[in-house]
2 protein chains.
Amino acid sequence: MRQKTERKQRNVHSQLNDSSSQDLLLEAASELMIERGTTDISLSDISIRSGVNAALVRYYFGSKHGLMMALVRKALAPSLLQIDHLIDMKISPKEKMRIHISGIVNTYYTYPYINRLMHQLITEDYEIYGPIIVNEVSAPVSHMQKLVLEEGVSAGIFRRVDPTLVYLQIVGACDQFFHGRIQRKTIFNIDEVDEDYKKKFADLLFDSIMKGLSSK
Amino acid sequence: MRQKTERKQRNVHSQLNDSSSQDLLLEAASELMIERGTTDISLSDISIRSGVNAALVRYYFGSKHGLMMALVRKALAPSLLQIDHLIDMKISPKEKMRIHISGIVNTYYTYPYINRLMHQLITEDYEIYGPIIVNEVSAPVSHMQKLVLEEGVSAGIFRRVDPTLVYLQIVGACDQFFHGRIQRKTIFNIDEVDEDYKKKFADLLFDSIMKGLSSK
């Protein structure tokens with residue numbers, strides 16, 4: 001409650017501050033998706049939660065889809081930056097996979113709905129968001145994974161596996177685990193995932209994927 | 001088109017045949033979810049596609065949620081029956097996992113939206129569907145997986161792993177792969193998954209999970 005009031009006040013003082021109003025809208029959308037365990041939220045809910053007029057969504061982002069795509073970009077920016085660096089880093093392919101998996105887990109920890117949001121954009125407006133998401137997200141991620149897997153095979157430490165399956169197991173496990181607090185509580189009886197639990201999950205996933213990849 | 005006309009005719013002749021009208025409604029809902037790559041479909045769409053009056057949904061299933069739960073039960077019945085048998089079968093834990101994984105892949109092949117549908121029911125009516133889905137689905141599946149994993153550890157062929165992660169990797173990979181034709185086409189450039197491809201996917205997943213579990 002205190003937080004909401006603060007936001008309203010901040011907003012009154014910065015109605016003309018575009019970048020902070022945009023941030024308020026993105027934060028509000030993110031919070032609502034996490035709380036409700038679904039990406040189906042309305043513009044009016046986002047407007048009420050953020051204290052920013054719904055008309056400004058059109059002004060800043062063009063549409064609700066535009067706002068969702070901006071949220072996808074914000075959520076994935078650190079991971080995608082990391083991917084660029086990882087390819088050229090002078091560390092073992094195993095270490096690259098550890099950093100990569102831990103980066104993905106971190107993304108889902110903060111943005112548990114990220115996978116569903118991209119799927120929703122593709123489902124609802126394939127013509128526009130299909131190519132954008134492939135070019136900006138899927139292609140760079142799977143390109144990097146493929147390079148690291150090949151590096152591991154050349155080094156004799158990974159066996160040859162289908163990169164698609166590695167992608168599916170990493171992303172699938174993160175999505176199932178982090179998306180929807182209510183479902184996780186219901187199905188696994190795990191209520192809050194804190195930093196420690198997140199780290200444990202990333203270690204387990206890395207360990208399991210590595211065992212699956214091992215050439216030994 | 002021919003199919004739809006046939007249905008309409010069948011329906012005229014069997015308006016009082018409850019079980020076939022129920023089947024028509026469930027089939028129509030299933031087809032729409034697959035075609036659209038989302039579980040967000042309306043009663044009116046289901047009614048139009050099936051040729052069955054929307055009011056009969058309330059009569060047969062109580063509500064749209066009731067119809068969705070009936071679809072979940074229909075989709076999972078073979079897998080859940082298999083689970084009961086598997087526990088007592090006199091085969092190796094590795095063979096049990098192979099049958100189990102292949103059963104899950106088969107379910108997702110026919111009902112690719114099954115995971116999303118359960119999540120949607122839990123999100124939209126937690127009080128009612130949370131306990132139902134835990135008791136009827138999650139609890140028996142994870143109980144069986146836990147027993148088989150323990151059996152493998154006792155036999156010295158599996159290492160000790162967190163059963164939750166095994167569950168997440170199997171279900172997560174199937175959900176990511178089968179849910180949403182459009183997304184799969186967009187992200188993996190895989191259009192049609194036929195029987196052969198399904199079998200290849202099940203083999204790869206089994207192989208990878210087994211490598212991850214292996215005590216060697």
# chains A, B, ... in the order shown; residues from 1 in each chain; ligands from 1

call {"tool": "calpha_fit_and_write", "arguments": {"fixed": "chain A", "moving": "chain B", "output": "PDB file with C-alpha atoms, in the first residue's frame"}}
result
ATOM      1  CA  MET B   1      -0.039   0.034  -0.092  1.00  0.00           C
ATOM      2  CA  ARG B   2       2.681   2.470   0.957  1.00  0.00           C
ATOM      3  CA  GLN B   3       4.521   1.530  -2.218  1.00  0.00           C
ATOM      4  CA  LYS B   4       1.510   2.314  -4.375  1.00  0.00           C
ATOM      5  CA  THR B   5       1.003   5.722  -2.739  1.00  0.00           C
ATOM      6  CA  GLU B   6       4.664   6.539  -3.257  1.00  0.00           C
ATOM      7  CA  ARG B   7       4.330   5.654  -6.914  1.00  0.00           C
ATOM      8  CA  LYS B   8       1.291   7.807  -7.387  1.00  0.00           C
ATOM      9  CA  GLN B   9       3.156  10.731  -5.832  1.00  0.00           C
ATOM     10  CA  ARG B  10       6.265  10.107  -7.869  1.00  0.00           C
ATOM     11  CA  ASN B  11       4.075  10.056 -10.917  1.00  0.00           C
ATOM     12  CA  VAL B  12       2.456  13.392 -10.174  1.00  0.00           C
ATOM     13  CA  HIS B  13       5.876  14.969 -10.003  1.00  0.00           C
ATOM     14  CA  SER B  14       7.219  13.326 -13.121  1.00  0.00           C
ATOM     15  CA  GLN B  15       4.319  13.147 -15.506  1.00  0.00           C
ATOM     16  CA  LEU B  16       6.646  14.463 -18.198  1.00  0.00           C
ATOM     17  CA  ASN B  17       9.537  12.236 -17.306  1.00  0.00           C
ATOM     18  CA  ASP B  18       9.110   9.655 -20.042  1.00  0.00           C
ATOM     19  CA  SER B  19      11.690   7.136 -18.980  1.00  0.00           C
ATOM     20  CA  SER B  20      10.452   6.865 -15.411  1.00  0.00           C
ATOM     21  CA  SER B  21       6.814   6.531 -16.499  1.00  0.00           C
ATOM     22  CA  GLN B  22       7.864   3.783 -18.891  1.00  0.00           C
ATOM     23  CA  ASP B  23       9.697   2.028 -16.066  1.00  0.00           C
ATOM     24  CA  LEU B  24       6.665   2.313 -13.807  1.00  0.00           C
ATOM     25  CA  LEU B  25       4.484   0.689 -16.463  1.00  0.00           C
ATOM     26  CA  LEU B  26       6.962  -2.152 -17.062  1.00  0.00           C
ATOM     27  CA  GLU B  27       7.396  -2.740 -13.329  1.00  0.00           C
ATOM     28  CA  ALA B  28       3.643  -2.777 -12.762  1.00  0.00           C
ATOM     29  CA  ALA B  29       3.095  -5.285 -15.593  1.00  0.00           C
ATOM     30  CA  SER B  30       5.888  -7.472 -14.221  1.00  0.00           C
ATOM     31  CA  GLU B  31       4.513  -7.415 -10.668  1.00  0.00           C
ATOM     32  CA  LEU B  32       1.000  -8.290 -11.814  1.00  0.00           C
ATOM     33  CA  MET B  33       2.176 -11.220 -13.947  1.00  0.00           C
ATOM     34  CA  ILE B  34       4.144 -12.617 -11.014  1.00  0.00           C
ATOM     35  CA  GLU B  35       1.341 -12.144  -8.478  1.00  0.00           C
ATOM     36  CA  ARG B  36      -1.339 -13.656 -10.685  1.00  0.00           C
ATOM     37  CA  GLY B  37       0.788 -16.418 -12.191  1.00  0.00           C
ATOM     38  CA  THR B  38      -0.431 -15.539 -15.667  1.00  0.00           C
ATOM     39  CA  THR B  39       0.521 -13.175 -18.483  1.00  0.00           C
ATOM     40  CA  ASP B  40      -3.146 -12.369 -19.095  1.00  0.00           C
ATOM     41  CA  ILE B  41      -3.364  -8.948 -17.504  1.00  0.00           C
ATOM     42  CA  SER B  42      -5.261  -5.932 -18.764  1.00  0.00           C
ATOM     43  CA  LEU B  43      -4.021  -2.474 -19.684  1.00  0.00           C
ATOM     44  CA  SER B  44      -6.396  -1.051 -17.123  1.00  0.00           C
ATOM     45  CA  ASP B  45      -4.823  -3.187 -14.340  1.00  0.00           C
ATOM     46  CA  ILE B  46      -1.355  -2.043 -15.404  1.00  0.00           C
ATOM     47  CA  SER B  47      -2.520   1.546 -15.396  1.00  0.00           C
ATOM     48  CA  ILE B  48      -4.077   1.302 -11.917  1.00  0.00           C
ATOM     49  CA  ARG B  49      -1.071  -0.461 -10.409  1.00  0.00           C
ATOM     50  CA  SER B  50       1.465   1.947 -11.927  1.00  0.00           C
ATOM     51  CA  GLY B  51      -0.543   5.127 -11.471  1.00  0.00           C
ATOM     52  CA  VAL B  52       0.250   5.955 -15.096  1.00  0.00           C
ATOM     53  CA  ASN B  53      -2.563   6.818 -17.504  1.00  0.00           C
ATOM     54  CA  ALA B  54      -3.420   3.888 -19.804  1.00  0.00           C
ATOM     55  CA  ALA B  55      -3.297   6.227 -22.811  1.00  0.00           C
ATOM     56  CA  LEU B  56       0.441   6.651 -22.212  1.00  0.00           C
ATOM     57  CA  VAL B  57       0.928   2.951 -23.003  1.00  0.00           C
ATOM     58  CA  ARG B  58      -0.065   3.675 -26.579  1.00  0.00           C
ATOM     59  CA  TYR B  59       2.120   6.787 -26.573  1.00  0.00           C
ATOM     60  CA  TYR B  60       5.218   4.992 -25.271  1.00  0.00           C
ATOM     61  CA  PHE B  61       4.824   1.446 -26.561  1.00  0.00           C
ATOM     62  CA  GLY B  62       2.210   1.621 -29.354  1.00  0.00           C
ATOM     63  CA  SER B  63       0.059  -1.125 -27.764  1.00  0.00           C
ATOM     64  CA  LYS B  64      -0.117  -3.665 -24.942  1.00  0.00           C
ATOM     65  CA  HIS B  65       1.918  -6.013 -27.148  1.00  0.00           C
ATOM     66  CA  GLY B  66       4.508  -3.257 -27.531  1.00  0.00           C
ATOM     67  CA  LEU B  67       4.727  -2.950 -23.753  1.00  0.00           C
ATOM     68  CA  MET B  68       5.085  -6.732 -23.428  1.00  0.00           C
ATOM     69  CA  MET B  69       7.883  -6.793 -26.009  1.00  0.00           C
ATOM     70  CA  ALA B  70       9.648  -3.971 -24.141  1.00  0.00           C
ATOM     71  CA  LEU B  71       9.417  -6.098 -20.991  1.00  0.00           C
ATOM     72  CA  VAL B  72      10.879  -9.117 -22.831  1.00  0.00           C
ATOM     73  CA  ARG B  73      13.793  -6.967 -24.038  1.00  0.00           C
ATOM     74  CA  LYS B  74      14.404  -5.539 -20.577  1.00  0.00           C
ATOM     75  CA  ALA B  75      14.301  -9.012 -18.977  1.00  0.00           C
ATOM     76  CA  LEU B  76      16.630 -10.630 -21.495  1.00  0.00           C
ATOM     77  CA  ALA B  77      19.150  -7.824 -22.008  1.00  0.00           C
ATOM     78  CA  PRO B  78      21.674  -9.092 -19.403  1.00  0.00           C
ATOM     79  CA  SER B  79      21.493 -12.728 -20.648  1.00  0.00           C
ATOM     80  CA  LEU B  80      21.877 -11.711 -24.267  1.00  0.00           C
ATOM     81  CA  LEU B  81      24.842  -9.499 -23.451  1.00  0.00           C
ATOM     82  CA  GLN B  82      26.385 -12.391 -21.522  1.00  0.00           C
ATOM     83  CA  ILE B  83      25.928 -14.682 -24.525  1.00  0.00           C
ATOM     84  CA  ASP B  84      28.030 -12.396 -26.716  1.00  0.00           C
ATOM     85  CA  HIS B  85      30.846 -12.426 -24.178  1.00  0.00           C
ATOM     86  CA  LEU B  86      30.634 -16.151 -23.393  1.00  0.00           C
ATOM     87  CA  ILE B  87      31.406 -17.302 -26.933  1.00  0.00           C
ATOM     88  CA  ASP B  88      34.801 -15.605 -26.911  1.00  0.00           C
ATOM     89  CA  MET B  89      35.770 -16.214 -23.311  1.00  0.00           C
ATOM     90  CA  LYS B  90      38.890 -18.289 -22.706  1.00  0.00           C
ATOM     91  CA  ILE B  91      37.293 -20.795 -20.332  1.00  0.00           C
ATOM     92  CA  SER B  92      36.270 -24.438 -20.735  1.00  0.00           C
ATOM     93  CA  PRO B  93      32.976 -25.308 -22.468  1.00  0.00           C
ATOM     94  CA  LYS B  94      31.827 -26.823 -19.169  1.00  0.00           C
ATOM     95  CA  GLU B  95      32.432 -23.505 -17.391  1.00  0.00           C
ATOM     96  CA  LYS B  96      30.600 -21.679 -20.202  1.00  0.00           C
ATOM     97  CA  MET B  97      27.585 -23.939 -19.683  1.00  0.00           C
ATOM     98  CA  ARG B  98      27.696 -23.295 -15.945  1.00  0.00           C
ATOM     99  CA  ILE B  99      27.645 -19.508 -16.459  1.00  0.00           C
ATOM    100  CA  HIS B 100      24.977 -19.802 -19.147  1.00  0.00           C
ATOM    101  CA  ILE B 101      22.640 -21.998 -17.063  1.00  0.00           C
ATOM    102  CA  SER B 102      23.102 -19.791 -14.031  1.00  0.00           C
ATOM    103  CA  GLY B 103      22.279 -16.748 -16.221  1.00  0.00           C
ATOM    104  CA  ILE B 104      19.064 -18.369 -17.458  1.00  0.00           C
ATOM    105  CA  VAL B 105      18.043 -19.353 -13.911  1.00  0.00           C
ATOM    106  CA  ASN B 106      18.671 -15.762 -12.766  1.00  0.00           C
ATOM    107  CA  THR B 107      16.453 -14.443 -15.550  1.00  0.00           C
ATOM    108  CA  TYR B 108      13.596 -16.786 -14.597  1.00  0.00           C
ATOM    109  CA  TYR B 109      14.062 -15.941 -10.926  1.00  0.00           C
ATOM    110  CA  THR B 110      13.363 -12.248 -11.621  1.00  0.00           C
ATOM    111  CA  TYR B 111      11.034 -12.667 -14.623  1.00  0.00           C
ATOM    112  CA  PRO B 112       9.352 -16.070 -14.064  1.00  0.00           C
ATOM    113  CA  TYR B 113       6.775 -15.396 -16.794  1.00  0.00           C
ATOM    114  CA  ILE B 114       9.329 -14.606 -19.525  1.00  0.00           C
ATOM    115  CA  ASN B 115       8.802 -17.777 -21.561  1.00  0.00           C
ATOM    116  CA  ARG B 116       4.991 -17.534 -21.425  1.00  0.00           C
ATOM    117  CA  LEU B 117       5.170 -13.880 -22.421  1.00  0.00           C
ATOM    118  CA  MET B 118       7.172 -14.668 -25.557  1.00  0.00           C
ATOM    119  CA  HIS B 119       4.829 -17.549 -26.407  1.00  0.00           C
ATOM    120  CA  GLN B 120       1.846 -15.257 -25.939  1.00  0.00           C
ATOM    121  CA  LEU B 121       3.292 -12.612 -28.256  1.00  0.00           C
ATOM    122  CA  ILE B 122       3.993 -15.258 -30.913  1.00  0.00           C
ATOM    123  CA  THR B 123       0.504 -16.751 -30.527  1.00  0.00           C
ATOM    124  CA  GLU B 124      -1.348 -13.445 -30.602  1.00  0.00           C
ATOM    125  CA  ASP B 125       0.627 -11.667 -33.319  1.00  0.00           C
ATOM    126  CA  TYR B 126       2.784 -14.139 -35.160  1.00  0.00           C
ATOM    127  CA  GLU B 127       3.505 -11.930 -38.171  1.00  0.00           C
ATOM    128  CA  ILE B 128       5.149  -9.235 -36.089  1.00  0.00           C
ATOM    129  CA  TYR B 129       6.542 -11.006 -33.037  1.00  0.00           C
ATOM    130  CA  GLY B 130       7.556 -14.351 -34.564  1.00  0.00           C
ATOM    131  CA  PRO B 131      10.523 -12.885 -36.499  1.00  0.00           C
ATOM    132  CA  ILE B 132      11.438 -10.400 -33.745  1.00  0.00           C
ATOM    133  CA  ILE B 133      11.668 -13.080 -31.047  1.00  0.00           C
ATOM    134  CA  VAL B 134      13.524 -15.514 -33.295  1.00  0.00           C
ATOM    135  CA  ASN B 135      16.087 -12.891 -34.359  1.00  0.00           C
ATOM    136  CA  GLU B 136      16.588 -11.269 -30.980  1.00  0.00           C
ATOM    137  CA  VAL B 137      16.225 -14.252 -28.641  1.00  0.00           C
ATOM    138  CA  SER B 138      15.978 -17.823 -29.972  1.00  0.00           C
ATOM    139  CA  ALA B 139      18.602 -17.538 -32.704  1.00  0.00           C
ATOM    140  CA  PRO B 140      21.396 -16.031 -30.553  1.00  0.00           C
ATOM    141  CA  VAL B 141      20.678 -18.381 -27.621  1.00  0.00           C
ATOM    142  CA  SER B 142      20.614 -21.555 -29.711  1.00  0.00           C
ATOM    143  CA  HIS B 143      23.602 -20.399 -31.775  1.00  0.00           C
ATOM    144  CA  MET B 144      25.651 -19.941 -28.609  1.00  0.00           C
ATOM    145  CA  GLN B 145      24.528 -23.266 -27.119  1.00  0.00           C
ATOM    146  CA  LYS B 146      25.416 -25.040 -30.354  1.00  0.00           C
ATOM    147  CA  LEU B 147      28.912 -23.514 -30.421  1.00  0.00           C
ATOM    148  CA  VAL B 148      29.580 -24.451 -26.789  1.00  0.00           C
ATOM    149  CA  LEU B 149      28.295 -28.001 -27.326  1.00  0.00           C
ATOM    150  CA  GLU B 150      30.557 -28.362 -30.387  1.00  0.00           C
ATOM    151  CA  GLU B 151      33.497 -26.991 -28.429  1.00  0.00           C
ATOM    152  CA  GLY B 152      32.871 -29.620 -25.746  1.00  0.00           C
ATOM    153  CA  VAL B 153      32.680 -32.407 -28.338  1.00  0.00           C
ATOM    154  CA  SER B 154      35.978 -31.242 -29.916  1.00  0.00           C
ATOM    155  CA  ALA B 155      37.584 -31.146 -26.476  1.00  0.00           C
ATOM    156  CA  GLY B 156      36.425 -34.729 -25.899  1.00  0.00           C
ATOM    157  CA  ILE B 157      34.415 -33.882 -22.783  1.00  0.00           C
ATOM    158  CA  PHE B 158      30.869 -33.811 -24.268  1.00  0.00           C
ATOM    159  CA  ARG B 159      29.213 -36.513 -26.318  1.00  0.00           C
ATOM    160  CA  ARG B 160      27.371 -35.468 -29.450  1.00  0.00           C
ATOM    161  CA  VAL B 161      23.726 -34.624 -28.554  1.00  0.00           C
ATOM    162  CA  ASP B 162      20.824 -32.831 -30.212  1.00  0.00           C
ATOM    163  CA  PRO B 163      21.198 -29.147 -29.179  1.00  0.00           C
ATOM    164  CA  THR B 164      17.409 -28.707 -29.392  1.00  0.00           C
ATOM    165  CA  LEU B 165      16.951 -31.175 -26.541  1.00  0.00           C
ATOM    166  CA  VAL B 166      19.503 -29.413 -24.344  1.00  0.00           C
ATOM    167  CA  TYR B 167      17.684 -26.133 -24.978  1.00  0.00           C
ATOM    168  CA  LEU B 168      14.312 -27.753 -24.177  1.00  0.00           C
ATOM    169  CA  GLN B 169      15.526 -29.322 -20.949  1.00  0.00           C
ATOM    170  CA  ILE B 170      17.104 -26.122 -19.598  1.00  0.00           C
ATOM    171  CA  VAL B 171      14.335 -23.739 -20.612  1.00  0.00           C
ATOM    172  CA  GLY B 172      11.594 -26.282 -19.875  1.00  0.00           C
ATOM    173  CA  ALA B 173      12.797 -26.966 -16.327  1.00  0.00           C
ATOM    174  CA  CYS B 174      13.170 -23.223 -15.547  1.00  0.00           C
ATOM    175  CA  ASP B 175       9.769 -22.365 -16.970  1.00  0.00           C
ATOM    176  CA  GLN B 176       8.003 -25.203 -15.097  1.00  0.00           C
ATOM    177  CA  PHE B 177       9.740 -24.346 -11.862  1.00  0.00           C
ATOM    178  CA  PHE B 178       9.567 -20.556 -11.772  1.00  0.00           C
ATOM    179  CA  HIS B 179       6.340 -19.810 -13.609  1.00  0.00           C
ATOM    180  CA  GLY B 180       3.355 -19.621 -11.327  1.00  0.00           C
ATOM    181  CA  ARG B 181       3.962 -19.397  -7.606  1.00  0.00           C
ATOM    182  CA  ILE B 182       0.569 -20.987  -7.007  1.00  0.00           C
ATOM    183  CA  GLN B 183       1.309 -23.978  -9.210  1.00  0.00           C
ATOM    184  CA  ARG B 184       4.746 -24.497  -7.651  1.00  0.00           C
ATOM    185  CA  LYS B 185       3.247 -24.354  -4.185  1.00  0.00           C
ATOM    186  CA  THR B 186       0.447 -26.695  -5.235  1.00  0.00           C
ATOM    187  CA  ILE B 187       2.513 -29.230  -7.137  1.00  0.00           C
ATOM    188  CA  PHE B 188       5.893 -29.218  -5.353  1.00  0.00           C
ATOM    189  CA  ASN B 189       4.871 -27.682  -2.040  1.00  0.00           C
ATOM    190  CA  ILE B 190       7.647 -25.102  -2.492  1.00  0.00           C
ATOM    191  CA  ASP B 191       6.390 -21.691  -1.494  1.00  0.00           C
ATOM    192  CA  GLU B 192       9.128 -19.095  -1.537  1.00  0.00           C
ATOM    193  CA  VAL B 193      12.206 -19.447  -3.719  1.00  0.00           C
ATOM    194  CA  ASP B 194      14.950 -17.317  -2.143  1.00  0.00           C
ATOM    195  CA  GLU B 195      18.513 -16.657  -3.339  1.00  0.00           C
ATOM    196  CA  ASP B 196      19.774 -19.858  -1.675  1.00  0.00           C
ATOM    197  CA  TYR B 197      17.105 -22.042  -3.207  1.00  0.00           C
ATOM    198  CA  LYS B 198      17.675 -20.432  -6.599  1.00  0.00           C
ATOM    199  CA  LYS B 199      21.380 -21.227  -6.377  1.00  0.00           C
ATOM    200  CA  LYS B 200      20.629 -24.820  -5.359  1.00  0.00           C
ATOM    201  CA  PHE B 201      18.272 -25.169  -8.321  1.00  0.00           C
ATOM    202  CA  ALA B 202      20.882 -23.756 -10.743  1.00  0.00           C
ATOM    203  CA  ASP B 203      23.536 -26.157  -9.384  1.00  0.00           C
ATOM    204  CA  LEU B 204      21.235 -29.176  -9.665  1.00  0.00           C
ATOM    205  CA  LEU B 205      20.215 -28.273 -13.200  1.00  0.00           C
ATOM    206  CA  PHE B 206      23.811 -27.683 -14.287  1.00  0.00           C
ATOM    207  CA  ASP B 207      24.874 -30.944 -12.684  1.00  0.00           C
ATOM    208  CA  SER B 208      22.108 -32.924 -14.372  1.00  0.00           C
ATOM    209  CA  ILE B 209      22.648 -31.351 -17.811  1.00  0.00           C
ATOM    210  CA  MET B 210      26.406 -31.939 -17.483  1.00  0.00           C
ATOM    211  CA  LYS B 211      25.908 -35.595 -16.579  1.00  0.00           C
ATOM    212  CA  GLY B 212      23.658 -35.912 -19.626  1.00  0.00           C
ATOM    213  CA  LEU B 213      26.312 -34.321 -21.848  1.00  0.00           C
ATOM    214  CA  SER B 214      29.326 -36.101 -20.442  1.00  0.00           C
ATOM    215  CA  SER B 215      31.289 -38.231 -22.886  1.00  0.00           C
ATOM    216  CA  LYS B 216      32.492 -40.489 -20.055  1.00  0.00           C
TER     217      LYS B 216
END
